[in-house]
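Participant: One structure follows; several queries about it will come next.
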Amino acid sequence: MATSTNRTGSQTVDRALAVLECFTPERSSLSLTEFSSITGLAMPTTHRLLKALQSRSFVVFDPVSKLYTLGAGAMRLAEVIMQRDDLQARVLPWLERLRSLSGETAALHSIVDSYRVCTVEFESRHRIKMASGVGRRYPLYAGAAGKAMLAHVSDDELALAFDTADLGTLGVPIGRSRDELLKELELIREQGYAQSFGEVVEGASALAAPILDGLGRPHAAINITGPETRFGTDAMEPLIARLLEAVHDIEAQSGVASSAGS
């Protein structure tokens with residue numbers, strides 16, 4: 001009886017999360033019918049889940065448009081990631097500076113459930129630009145920001161990343177052998193930064209460096225991205241020193257330098 005109850009409860013939670021995952025930057029408002037279509041859940045079930053989420057302020061219903069949007073409950077959880085350890089306050093001035101120096105999009109990425117997620121982003125002012133999209137998930141094994149953090153994770157986390165790579169997580173293939181990726185991660189650890197060219201989005205390139213905690217684990221990564229035609233290796237070269245300066249300054253403000261030297 002208890003096992004059956006636990007299974008039912010787990011299924012309900014899974015379905016509720018599936019409903020929340022319907023929201024994307026392109027789909028910020030959705031109707032009941034759209035939720036049902038995207039999740040594959042029956043309309044009554046979808047409506048019941050939305051009512052439960054609404055009662056906890058995770059979604060808000062507009063009786064005029066008949067659309068649901070994310071509510072204050074979801075925003076409170078997002079703030080936990082974005083303002084964790086006051087990291088955002090330390091990073092924002094550097095993101096603005098790096099965007100000005102590079103002319104490209106500068107963003108902060110964090111590890112969330114074995115993926116990397118863009119948590120804050122200063123988009124390029126160019127008409128043609130690249131942007132990750134706040135809240136979007138990407139695999140750790142592809143893209144400069146993911147590799148910058150992956151180079152410093154534990155063996156267990158690395159094995160999990162390889163598992164997701166085998167599955168082609170989020171439709172992004174690993175694009176290289178495990179040995180090749182391991183060698184690249186070793187180089188990233190040595191030089192302190194990562195680069196990528198068309199690994200996640202064709203025609204996009206990126207430069208990233210990890211922000212490490214006092215134990216050398218990845219707290220987040222700063223990522224600069226732009227069109228490969230404009231943001232190639234030559235354009236990246238003069239920015240490497242400034243990017244490393246940024247992450248070292250942020251780490252120092254967090255007390256990483258003093259704890260590492262003690």
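By convention in this document, the chains of the structure tokens carry letters A, B, ... by their order, each chain's residues are numbered from 1, and ligands are numbered from 1 in the order they are shown.
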Enumerate the residues of stretch 159-247 of chain A with a DSSP assignment of strand (DSSP E or B), computed from the backbone, and present them as a PDB file with N, CA and C atoms, in the first residue's frame.
Facilitator:
ATOM      1  N   ALA A 194      38.256  27.759 -21.534  1.00  0.00           N
ATOM      2  CA  ALA A 194      37.804  26.837 -22.580  1.00  0.00           C
ATOM      3  C   ALA A 194      37.305  27.625 -23.773  1.00  0.00           C
ATOM      4  N   GLN A 195      37.383  26.992 -24.947  1.00  0.00           N
ATOM      5  CA  GLN A 195      36.858  27.581 -26.170  1.00  0.00           C
ATOM      6  C   GLN A 195      35.976  26.559 -26.875  1.00  0.00           C
ATOM      7  N   SER A 196      35.030  27.041 -27.662  1.00  0.00           N
ATOM      8  CA  SER A 196      34.193  26.136 -28.454  1.00  0.00           C
ATOM      9  C   SER A 196      33.807  26.823 -29.751  1.00  0.00           C
ATOM     10  N   PHE A 197      33.626  25.979 -30.778  1.00  0.00           N
ATOM     11  CA  PHE A 197      33.270  26.489 -32.107  1.00  0.00           C
ATOM     12  C   PHE A 197      32.209  25.576 -32.704  1.00  0.00           C
ATOM     13  N   ALA A 204      28.223  29.417 -33.977  1.00  0.00           N
ATOM     14  CA  ALA A 204      28.466  30.151 -32.730  1.00  0.00           C
ATOM     15  C   ALA A 204      29.800  29.727 -32.137  1.00  0.00           C
ATOM     16  N   SER A 205      30.508  30.667 -31.547  1.00  0.00           N
ATOM     17  CA  SER A 205      31.754  30.364 -30.851  1.00  0.00           C
ATOM     18  C   SER A 205      31.694  30.981 -29.461  1.00  0.00           C
ATOM     19  N   ALA A 206      32.525  30.444 -28.553  1.00  0.00           N
ATOM     20  CA  ALA A 206      32.464  30.931 -27.175  1.00  0.00           C
ATOM     21  C   ALA A 206      33.808  30.772 -26.479  1.00  0.00           C
ATOM     22  N   LEU A 207      34.017  31.636 -25.505  1.00  0.00           N
ATOM     23  CA  LEU A 207      35.187  31.617 -24.632  1.00  0.00           C
ATOM     24  C   LEU A 207      34.659  31.665 -23.205  1.00  0.00           C
ATOM     25  N   ALA A 208      35.149  30.789 -22.329  1.00  0.00           N
ATOM     26  CA  ALA A 208      34.615  30.730 -20.975  1.00  0.00           C
ATOM     27  C   ALA A 208      35.699  30.353 -19.975  1.00  0.00           C
ATOM     28  N   ALA A 209      35.498  30.756 -18.724  1.00  0.00           N
ATOM     29  CA  ALA A 209      36.407  30.393 -17.636  1.00  0.00           C
ATOM     30  C   ALA A 209      35.566  30.087 -16.400  1.00  0.00           C
ATOM     31  N   PRO A 210      36.003  29.102 -15.594  1.00  0.00           N
ATOM     32  CA  PRO A 210      35.221  28.719 -14.419  1.00  0.00           C
ATOM     33  C   PRO A 210      35.492  29.613 -13.217  1.00  0.00           C
ATOM     34  N   ILE A 211      34.480  29.770 -12.390  1.00  0.00           N
ATOM     35  CA  ILE A 211      34.625  30.410 -11.081  1.00  0.00           C
ATOM     36  C   ILE A 211      34.650  29.271 -10.067  1.00  0.00           C
ATOM     37  N   LEU A 212      35.762  29.092  -9.376  1.00  0.00           N
ATOM     38  CA  LEU A 212      35.944  27.955  -8.478  1.00  0.00           C
ATOM     39  C   LEU A 212      35.743  28.359  -7.018  1.00  0.00           C
ATOM     40  N   PRO A 218      33.765  23.744  -9.358  1.00  0.00           N
ATOM     41  CA  PRO A 218      33.167  24.808 -10.169  1.00  0.00           C
ATOM     42  C   PRO A 218      31.907  25.384  -9.530  1.00  0.00           C
ATOM     43  N   HIS A 219      31.968  26.670  -9.232  1.00  0.00           N
ATOM     44  CA  HIS A 219      30.797  27.362  -8.678  1.00  0.00           C
ATOM     45  C   HIS A 219      29.903  27.847  -9.804  1.00  0.00           C
ATOM     46  N   ALA A 220      30.544  28.266 -10.918  1.00  0.00           N
ATOM     47  CA  ALA A 220      29.831  28.776 -12.099  1.00  0.00           C
ATOM     48  C   ALA A 220      30.885  29.018 -13.175  1.00  0.00           C
ATOM     49  N   ALA A 221      30.473  29.621 -14.273  1.00  0.00           N
ATOM     50  CA  ALA A 221      31.415  29.976 -15.337  1.00  0.00           C
ATOM     51  C   ALA A 221      30.945  31.249 -16.016  1.00  0.00           C
ATOM     52  N   ILE A 222      31.901  32.068 -16.408  1.00  0.00           N
ATOM     53  CA  ILE A 222      31.598  33.259 -17.210  1.00  0.00           C
ATOM     54  C   ILE A 222      31.844  32.908 -18.669  1.00  0.00           C
ATOM     55  N   ASN A 223      30.878  33.212 -19.510  1.00  0.00           N
ATOM     56  CA  ASN A 223      30.902  32.815 -20.909  1.00  0.00           C
ATOM     57  C   ASN A 223      30.737  34.043 -21.811  1.00  0.00           C
ATOM     58  N   ILE A 224      31.572  34.120 -22.844  1.00  0.00           N
ATOM     59  CA  ILE A 224      31.427  35.159 -23.858  1.00  0.00           C
ATOM     60  C   ILE A 224      31.154  34.452 -25.177  1.00  0.00           C
ATOM     61  N   THR A 225      30.085  34.819 -25.849  1.00  0.00           N
ATOM     62  CA  THR A 225      29.718  34.117 -27.081  1.00  0.00           C
ATOM     63  C   THR A 225      29.316  35.081 -28.183  1.00  0.00           C
ATOM     64  N   GLY A 226      29.597  34.675 -29.421  1.00  0.00           N
ATOM     65  CA  GLY A 226      29.243  35.500 -30.570  1.00  0.00           C
ATOM     66  C   GLY A 226      29.285  34.679 -31.845  1.00  0.00           C
ATOM     67  N   PRO A 227      28.952  35.269 -32.967  1.00  0.00           N
ATOM     68  CA  PRO A 227      29.032  34.555 -34.249  1.00  0.00           C
ATOM     69  C   PRO A 227      30.487  34.217 -34.562  1.00  0.00           C
TER      70      PRO A 227
END
Participant: Can you work out which one of A:Thr69, A:Ser124, A:Asp86, A:Val134 has the shortest atom-to-atom distance to A:Leu101, counting only C-alpha atoms?
Facilitator: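 Looking only at the distances to A:Leu101, the closest residue turns out to be A:Ser124.
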Participant: For A:Leu185, which residue out of A:Asp163, A:Ser114, A:Gly168, A:Gly143 is the nearest one, using only C-alpha atoms?
Facilitator: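 Among A:Asp163, A:Ser114, A:Gly168, A:Gly143, it is A:Gly143 that comes nearest to A:Leu185.
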Participant: List as a PyMOL selection string the protein and nucleic acid residues near stretch 49-51 of chain A, meaning an atom at most 12 Å away when only C-alpha atoms are counted, but skip any in the same chain fewer than 3 places from it.
Facilitator: chain A and resi 11-20+22+30-33+35-36+39+41-46+54-61+67-71
Participant: Next, write the just-selected residues to a file, as a JSON list (two decimals), in the first residue's frame, keeping N, CA and C atoms as the atom set.
Facilitator:
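What ended up in result11.json:
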[["chain", "number", "residue", "atom", "x", "y", "z"],
["A", 11, "GLN", "N", 4.81, 10.12, -9.32],
["A", 11, "GLN", "CA", 4.27, 10.40, -10.65],
["A", 11, "GLN", "C", 3.65, 11.79, -10.72],
["A", 12, "THR", "N", 2.97, 12.19, -9.64],
["A", 12, "THR", "CA", 2.35, 13.51, -9.60],
["A", 12, "THR", "C", 3.40, 14.60, -9.64],
["A", 13, "VAL", "N", 4.48, 14.42, -8.87],
["A", 13, "VAL", "CA", 5.57, 15.39, -8.86],
["A", 13, "VAL", "C", 6.20, 15.49, -10.25],
["A", 14, "ASP", "N", 6.43, 14.32, -10.86],
["A", 14, "ASP", "CA", 7.04, 14.30, -12.18],
["A", 14, "ASP", "C", 6.16, 15.02, -13.20],
["A", 15, "ARG", "N", 4.87, 14.81, -13.12],
["A", 15, "ARG", "CA", 3.95, 15.48, -14.05],
["A", 15, "ARG", "C", 3.90, 16.98, -13.82],
["A", 16, "ALA", "N", 3.93, 17.39, -12.55],
["A", 16, "ALA", "CA", 3.91, 18.82, -12.24],
["A", 16, "ALA", "C", 5.16, 19.50, -12.77],
["A", 17, "LEU", "N", 6.30, 18.84, -12.65],
["A", 17, "LEU", "CA", 7.55, 19.39, -13.18],
["A", 17, "LEU", "C", 7.50, 19.47, -14.71],
["A", 18, "ALA", "N", 6.88, 18.47, -15.33],
["A", 18, "ALA", "CA", 6.74, 18.47, -16.79],
["A", 18, "ALA", "C", 5.91, 19.68, -17.24],
["A", 19, "VAL", "N", 4.90, 20.02, -16.45],
["A", 19, "VAL", "CA", 4.07, 21.19, -16.75],
["A", 19, "VAL", "C", 4.91, 22.46, -16.68],
["A", 20, "LEU", "N", 5.71, 22.58, -15.62],
["A", 20, "LEU", "CA", 6.55, 23.78, -15.47],
["A", 20, "LEU", "C", 7.59, 23.88, -16.57],
["A", 22, "CYS", "N", 7.25, 23.27, -19.54],
["A", 22, "CYS", "CA", 6.65, 23.74, -20.80],
["A", 22, "CYS", "C", 7.01, 25.20, -21.06],
["A", 30, "LEU", "N", 1.03, 30.29, -21.68],
["A", 30, "LEU", "CA", 0.46, 29.10, -22.31],
["A", 30, "LEU", "C", -0.98, 28.88, -21.85],
["A", 31, "SER", "N", -1.76, 28.29, -22.74],
["A", 31, "SER", "CA", -3.14, 27.95, -22.40],
["A", 31, "SER", "C", -3.20, 26.52, -21.87],
["A", 32, "LEU", "N", -4.31, 26.16, -21.28],
["A", 32, "LEU", "CA", -4.50, 24.80, -20.78],
["A", 32, "LEU", "C", -4.34, 23.79, -21.91],
["A", 33, "THR", "N", -4.90, 24.09, -23.07],
["A", 33, "THR", "CA", -4.80, 23.19, -24.22],
["A", 33, "THR", "C", -3.36, 22.99, -24.64],
["A", 35, "PHE", "N", -0.62, 23.30, -22.72],
["A", 35, "PHE", "CA", 0.05, 22.47, -21.71],
["A", 35, "PHE", "C", -0.27, 21.00, -21.96],
["A", 36, "SER", "N", -1.53, 20.71, -22.19],
["A", 36, "SER", "CA", -1.96, 19.34, -22.40],
["A", 36, "SER", "C", -1.30, 18.73, -23.64],
["A", 39, "THR", "N", 2.67, 18.26, -22.92],
["A", 39, "THR", "CA", 3.00, 17.20, -21.95],
["A", 39, "THR", "C", 2.41, 15.85, -22.32],
["A", 41, "LEU", "N", -0.51, 15.00, -21.42],
["A", 41, "LEU", "CA", -1.43, 14.67, -20.32],
["A", 41, "LEU", "C", -2.86, 15.03, -20.69],
["A", 42, "ALA", "N", -3.80, 14.32, -20.13],
["A", 42, "ALA", "CA", -5.21, 14.61, -20.37],
["A", 42, "ALA", "C", -5.56, 15.99, -19.82],
["A", 43, "MET", "N", -6.54, 16.63, -20.43],
["A", 43, "MET", "CA", -6.92, 17.98, -20.02],
["A", 43, "MET", "C", -7.30, 18.06, -18.54],
["A", 44, "PRO", "N", -8.14, 17.14, -18.01],
["A", 44, "PRO", "CA", -8.49, 17.23, -16.58],
["A", 44, "PRO", "C", -7.27, 17.10, -15.67],
["A", 45, "THR", "N", -6.35, 16.20, -16.03],
["A", 45, "THR", "CA", -5.13, 16.03, -15.23],
["A", 45, "THR", "C", -4.28, 17.29, -15.28],
["A", 46, "THR", "N", -4.13, 17.86, -16.47],
["A", 46, "THR", "CA", -3.34, 19.07, -16.64],
["A", 46, "THR", "C", -3.95, 20.22, -15.85],
["A", 54, "GLN", "N", -0.81, 26.72, -9.08],
["A", 54, "GLN", "CA", -1.33, 28.07, -8.86],
["A", 54, "GLN", "C", -1.51, 28.35, -7.36],
["A", 55, "SER", "N", -1.92, 27.34, -6.61],
["A", 55, "SER", "CA", -2.13, 27.51, -5.17],
["A", 55, "SER", "C", -0.82, 27.80, -4.43],
["A", 56, "ARG", "N", 0.31, 27.38, -5.04],
["A", 56, "ARG", "CA", 1.63, 27.63, -4.45],
["A", 56, "ARG", "C", 2.36, 28.79, -5.14],
["A", 57, "SER", "N", 1.63, 29.53, -5.98],
["A", 57, "SER", "CA", 2.16, 30.71, -6.68],
["A", 57, "SER", "C", 3.25, 30.38, -7.70],
["A", 58, "PHE", "N", 3.31, 29.11, -8.15],
["A", 58, "PHE", "CA", 4.28, 28.76, -9.18],
["A", 58, "PHE", "C", 3.79, 29.18, -10.56],
["A", 59, "VAL", "N", 2.48, 29.27, -10.73],
["A", 59, "VAL", "CA", 1.91, 29.81, -11.97],
["A", 59, "VAL", "C", 0.81, 30.79, -11.62],
["A", 60, "VAL", "N", 0.56, 31.69, -12.56],
["A", 60, "VAL", "CA", -0.51, 32.69, -12.40],
["A", 60, "VAL", "C", -1.44, 32.56, -13.59],
["A", 61, "PHE", "N", -2.75, 32.60, -13.33],
["A", 61, "PHE", "CA", -3.75, 32.48, -14.39],
["A", 61, "PHE", "C", -4.39, 33.83, -14.65],
["A", 67, "LEU", "N", -4.61, 32.54, -20.13],
["A", 67, "LEU", "CA", -3.25, 32.04, -20.23],
["A", 67, "LEU", "C", -2.59, 31.96, -18.86],
["A", 68, "TYR", "N", -1.67, 31.01, -18.73],
["A", 68, "TYR", "CA", -0.89, 30.85, -17.51],
["A", 68, "TYR", "C", 0.53, 31.38, -17.74],
["A", 69, "THR", "N", 1.08, 32.03, -16.73],
["A", 69, "THR", "CA", 2.48, 32.48, -16.76],
["A", 69, "THR", "C", 3.14, 32.04, -15.45],
["A", 70, "LEU", "N", 4.46, 32.08, -15.42],
["A", 70, "LEU", "CA", 5.18, 31.74, -14.20],
["A", 70, "LEU", "C", 4.89, 32.77, -13.12],
["A", 71, "GLY", "N", 4.78, 32.28, -11.89],
["A", 71, "GLY", "CA", 4.45, 33.15, -10.77],
["A", 71, "GLY", "C", 5.62, 33.41, -9.83]]
Participant: Name the residues in contact with A:Thr24 at a cut-off of 8 Å, using only C-alpha atoms, excluding same-chain residues fewer than 3 positions from it; report them as number ranges by chain.
Facilitator: A: 21, 27-28, 135-136
Participant: Keeping only N, CA and C atoms, take the residues you just selected and write them out as a PDB file, in the first residue's frame.
Facilitator:
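Below is the file that was written, again03.pdb:
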ATOM      1  N   GLU A  21       8.093  22.735 -17.028  1.00  0.00           N
ATOM      2  CA  GLU A  21       9.115  22.737 -18.069  1.00  0.00           C
ATOM      3  C   GLU A  21       8.560  23.127 -19.436  1.00  0.00           C
ATOM      4  N   ARG A  27       8.006  30.613 -25.045  1.00  0.00           N
ATOM      5  CA  ARG A  27       6.640  30.271 -24.613  1.00  0.00           C
ATOM      6  C   ARG A  27       6.469  30.699 -23.158  1.00  0.00           C
ATOM      7  N   SER A  28       6.361  31.993 -22.928  1.00  0.00           N
ATOM      8  CA  SER A  28       6.231  32.497 -21.560  1.00  0.00           C
ATOM      9  C   SER A  28       4.789  32.492 -21.072  1.00  0.00           C
ATOM     10  N   GLY A 135      17.819  30.711 -18.243  1.00  0.00           N
ATOM     11  CA  GLY A 135      16.972  29.587 -17.875  1.00  0.00           C
ATOM     12  C   GLY A 135      17.103  28.379 -18.787  1.00  0.00           C
ATOM     13  N   ARG A 136      17.767  28.517 -19.899  1.00  0.00           N
ATOM     14  CA  ARG A 136      17.910  27.391 -20.825  1.00  0.00           C
ATOM     15  C   ARG A 136      18.974  26.409 -20.348  1.00  0.00           C
TER      16      ARG A 136
END
